[in-house]
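Take a look at the structure set out below.
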Amino acid sequence: MAGRASISTMLELLPPVALRVAATLRLSDHLAGGARSVPELARAAGADPDALGRLLRYLACLGVYRESGADRFEPTPAGRLLATRHPGGLRQWLDLDGAGGRMDLALAGLLHSVRTGEPGYPVVHRQPLWEELAGDPDRSASFDELMAAKSGRVARDLAARDWPGVTRLVDVGGGVGRTAIAIAAAQPGMRVVLLELPAVAERARRAVAEAGLAGRIEVRAGSFHRTVPAGGDAYLLFDILHNWDDRTAGAVLRRCLAAAGPAGRVLVVEELPAGPGDRAGRAMDLKMLVLFGGRQRSAAEFGRLAAAAGGRLAGVDRLPGGFSVLAVAPAAVRGGS
């Protein structure tokens with residue numbers, strides 16, 4: 001019976017969906033703003049009062065909210081995690097109107113992905129994720145902010161590491177500039193070139209200017225699928241390659257190695273699987289498959305990818321936050337990373 005109970009818990013789909021609806025409606029924000037009764041919350045959230053009351057009573061059973069009186073609610077500590085201003089940033093990831101929630105909904109395409117080996121996102125949302133973001137500025141901005149928040153936790157670790165011999169860094173697919181800004185601020189002798197798609201590049205320029213680093217960070221508009229700026233001592237691919245299948249990831253890596261030249265390095269920053277029992281890593285691997293047709297790779301798999309791209313894995317350095325820096329050098333170059 002214990003096994004059946006465990007499976008039953010895993011089968012329940014309503015809790016994660018209900019939590020995402022609460023996050024999307026900003027219920028914890030409205031409660032923090034003083035709304036308490038169901039009619040008040042419904043007006044603030046733009047929801048049907050009867051349906052919202054039923055949702056709140058269910059979430060109270062989950063311990064997210066507490067019914068403090070007839071049709072009156074208040075957040076529990078769990079419910080406060082869904083507030084926009086909470087430092088954990090959970091609400092933004094769950095928001096069904098934003099990129100995070102859309103990616104979660106795409107998991108309904110897992111069956112298609114397992115049957116075909118192809119992304120499930122286009123099956124659920126009718127177009128690939130990258131095309132959807134290119135055609136929807138608001139959703140694209142939501143995606144960029146999520147990625148910036150994620151990179152912020154790793155950017156500090158990257159900025160603090162030693163960068164021997166690197167005076168010119170090319171941040172390939174550097175988003176809105178969070179990582180480039182952190183590294184440039186911590187490494188005053190370094191100049192950074194950030195490559196991004198035009199719409200994102202414009203947001204990155206504004207962020208760089210606000211940080212007072214426009215003189216040391218050059219933002220270029222372009223696609224790493226076509227060309228990569230030459231002349232860098234090191235090329236940074238932070239959280240990029242796991243978005244792509246081996247053929248596409250290998251082409252990006254080959255392009256960076258060619259731009260780096262015989263004395264340069266490509267630094268791949270990714271989360272490496274912790275082993276067969278790494279549930280979070282296995283989950284991320286499936287998510288990459290569904291979203292992009294990508295995959296999480298082990299150090300050995302990165303080594304094979306590097307070899308196929310004309311390089312070699314020259315070193316692996318684990319950062320304090322859990323990500324790893326994999327140094328890839330041209331195959332003909334010998335020596336340390």
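Here, A, B, ... name the chains of the structure tokens in the order displayed, residue numbers run from 1 inside each chain, and ligands are numbered from 1 in the same displayed order.
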> When DSSP works through the backbone of this structure, what residues of stretch 166-218 of chain A end up as strand (DSSP E or B), shown as a list in words?
Replying inline: Arg168, Leu169, Val170, Asp171, Val172, Arg191, Val192, Val193, Leu194, Leu195, Glu196, Ile217 and Glu218 of chain A
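By chain and then residue number, the residues within 9 Å of A:Glu118 are His112, Ser113, Leu289, Val290, Phe292 and Gly293 of chain A, counting only C-alpha atoms and disregarding those fewer than 5 positions away in sequence.
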>> Which residues are close to stretch 200-209 of chain A, i.e. within 12 Å by only C-alpha atoms, leaving aside same-chain residues fewer than 3 positions away? Reply as a PyMOL selection string.
In response: chain A and resi 133-134+137-138+140-145+147-148+171-185+192-197+212-223
>> Using only C-alpha atoms for the distances, tell me which of A:Arg102, A:Glu271, A:Val38, A:Gly135 is nearest to A:Ala199.
In response: A:Gly135
>> Using only C-alpha atoms, can you tell me which of A:Gly53, A:Pro128, A:Gly250, A:Gly165 comes closest to A:Asp71?
In response: A:Gly53
> With distances taken over only C-alpha atoms, which of A:Leu146, A:Val266, A:Leu62, A:Met284 is nearest to A:Arg91?
Replying inline: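 Using only C-alpha atoms, A:Arg91 sits closest to A:Leu146.
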Residue contacts of A:Ala329 (10 Å, only C-alpha atoms) excluding same-chain residues fewer than 6 positions away, as a PDB file with N, CA and C atoms, in the first residue's frame:
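Saved the output as result-v9.pdb:
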ATOM      1  N   ALA A 234      39.143  34.280 -24.783  1.00  0.00           N
ATOM      2  CA  ALA A 234      38.252  33.229 -24.294  1.00  0.00           C
ATOM      3  C   ALA A 234      36.834  33.515 -24.759  1.00  0.00           C
ATOM      4  N   LEU A 257      35.439  27.831 -31.473  1.00  0.00           N
ATOM      5  CA  LEU A 257      36.841  27.393 -31.521  1.00  0.00           C
ATOM      6  C   LEU A 257      37.572  28.058 -32.679  1.00  0.00           C
ATOM      7  N   ALA A 260      38.252  31.617 -31.750  1.00  0.00           N
ATOM      8  CA  ALA A 260      39.255  31.733 -30.688  1.00  0.00           C
ATOM      9  C   ALA A 260      40.670  31.572 -31.219  1.00  0.00           C
ATOM     10  N   GLY A 261      40.846  30.778 -32.276  1.00  0.00           N
ATOM     11  CA  GLY A 261      42.174  30.559 -32.820  1.00  0.00           C
ATOM     12  C   GLY A 261      42.989  29.593 -31.982  1.00  0.00           C
ATOM     13  N   PRO A 262      44.219  29.326 -32.379  1.00  0.00           N
ATOM     14  CA  PRO A 262      45.030  28.293 -31.717  1.00  0.00           C
ATOM     15  C   PRO A 262      45.388  28.591 -30.269  1.00  0.00           C
ATOM     16  N   ALA A 263      45.385  29.859 -29.871  1.00  0.00           N
ATOM     17  CA  ALA A 263      45.768  30.198 -28.500  1.00  0.00           C
ATOM     18  C   ALA A 263      44.565  30.456 -27.597  1.00  0.00           C
ATOM     19  N   GLY A 264      43.365  30.414 -28.159  1.00  0.00           N
ATOM     20  CA  GLY A 264      42.176  30.753 -27.387  1.00  0.00           C
ATOM     21  C   GLY A 264      41.550  29.552 -26.696  1.00  0.00           C
ATOM     22  N   ARG A 265      40.530  29.818 -25.919  1.00  0.00           N
ATOM     23  CA  ARG A 265      39.790  28.777 -25.209  1.00  0.00           C
ATOM     24  C   ARG A 265      38.295  29.072 -25.308  1.00  0.00           C
ATOM     25  N   VAL A 266      37.502  28.027 -25.263  1.00  0.00           N
ATOM     26  CA  VAL A 266      36.057  28.163 -25.135  1.00  0.00           C
ATOM     27  C   VAL A 266      35.678  27.628 -23.765  1.00  0.00           C
ATOM     28  N   LEU A 267      34.986  28.436 -22.998  1.00  0.00           N
ATOM     29  CA  LEU A 267      34.595  28.050 -21.648  1.00  0.00           C
ATOM     30  C   LEU A 267      33.095  27.764 -21.634  1.00  0.00           C
ATOM     31  N   ALA A 306      33.263  18.027 -27.908  1.00  0.00           N
ATOM     32  CA  ALA A 306      34.423  18.858 -28.226  1.00  0.00           C
ATOM     33  C   ALA A 306      35.282  18.213 -29.307  1.00  0.00           C
ATOM     34  N   ALA A 307      35.508  16.908 -29.203  1.00  0.00           N
ATOM     35  CA  ALA A 307      36.323  16.209 -30.194  1.00  0.00           C
ATOM     36  C   ALA A 307      35.683  16.280 -31.577  1.00  0.00           C
ATOM     37  N   GLY A 310      36.348  19.511 -33.316  1.00  0.00           N
ATOM     38  CA  GLY A 310      37.739  19.848 -33.578  1.00  0.00           C
ATOM     39  C   GLY A 310      38.480  20.377 -32.374  1.00  0.00           C
ATOM     40  N   GLY A 311      37.992  20.075 -31.172  1.00  0.00           N
ATOM     41  CA  GLY A 311      38.655  20.527 -29.954  1.00  0.00           C
ATOM     42  C   GLY A 311      38.906  19.375 -29.002  1.00  0.00           C
ATOM     43  N   ARG A 312      39.257  19.721 -27.782  1.00  0.00           N
ATOM     44  CA  ARG A 312      39.464  18.721 -26.735  1.00  0.00           C
ATOM     45  C   ARG A 312      39.093  19.344 -25.405  1.00  0.00           C
ATOM     46  N   LEU A 313      38.601  18.512 -24.512  1.00  0.00           N
ATOM     47  CA  LEU A 313      38.273  18.982 -23.166  1.00  0.00           C
ATOM     48  C   LEU A 313      39.566  19.120 -22.383  1.00  0.00           C
ATOM     49  N   ALA A 314      39.914  20.364 -22.015  1.00  0.00           N
ATOM     50  CA  ALA A 314      41.208  20.628 -21.389  1.00  0.00           C
ATOM     51  C   ALA A 314      41.122  20.770 -19.872  1.00  0.00           C
ATOM     52  N   GLY A 315      39.925  20.775 -19.306  1.00  0.00           N
ATOM     53  CA  GLY A 315      39.806  20.898 -17.860  1.00  0.00           C
ATOM     54  C   GLY A 315      38.373  21.126 -17.439  1.00  0.00           C
ATOM     55  N   GLY A 335      48.686  21.509 -23.318  1.00  0.00           N
ATOM     56  CA  GLY A 335      48.963  22.329 -22.136  1.00  0.00           C
ATOM     57  C   GLY A 335      47.748  22.490 -21.293  1.00  0.00           C
ATOM     58  N   GLY A 336      47.854  23.285 -20.234  1.00  0.00           N
ATOM     59  CA  GLY A 336      46.763  23.441 -19.249  1.00  0.00           C
ATOM     60  C   GLY A 336      45.641  24.287 -19.789  1.00  0.00           C
ATOM     61  N   SER A 337      44.579  24.398 -18.959  1.00  0.00           N
ATOM     62  CA  SER A 337      43.400  25.147 -19.368  1.00  0.00           C
ATOM     63  C   SER A 337      43.454  26.566 -18.820  1.00  0.00           C
TER      64      SER A 337
END
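Atom to atom, atom CA of A:Glu74 and atom CA of A:Arg57 stand 11.3 Å apart.
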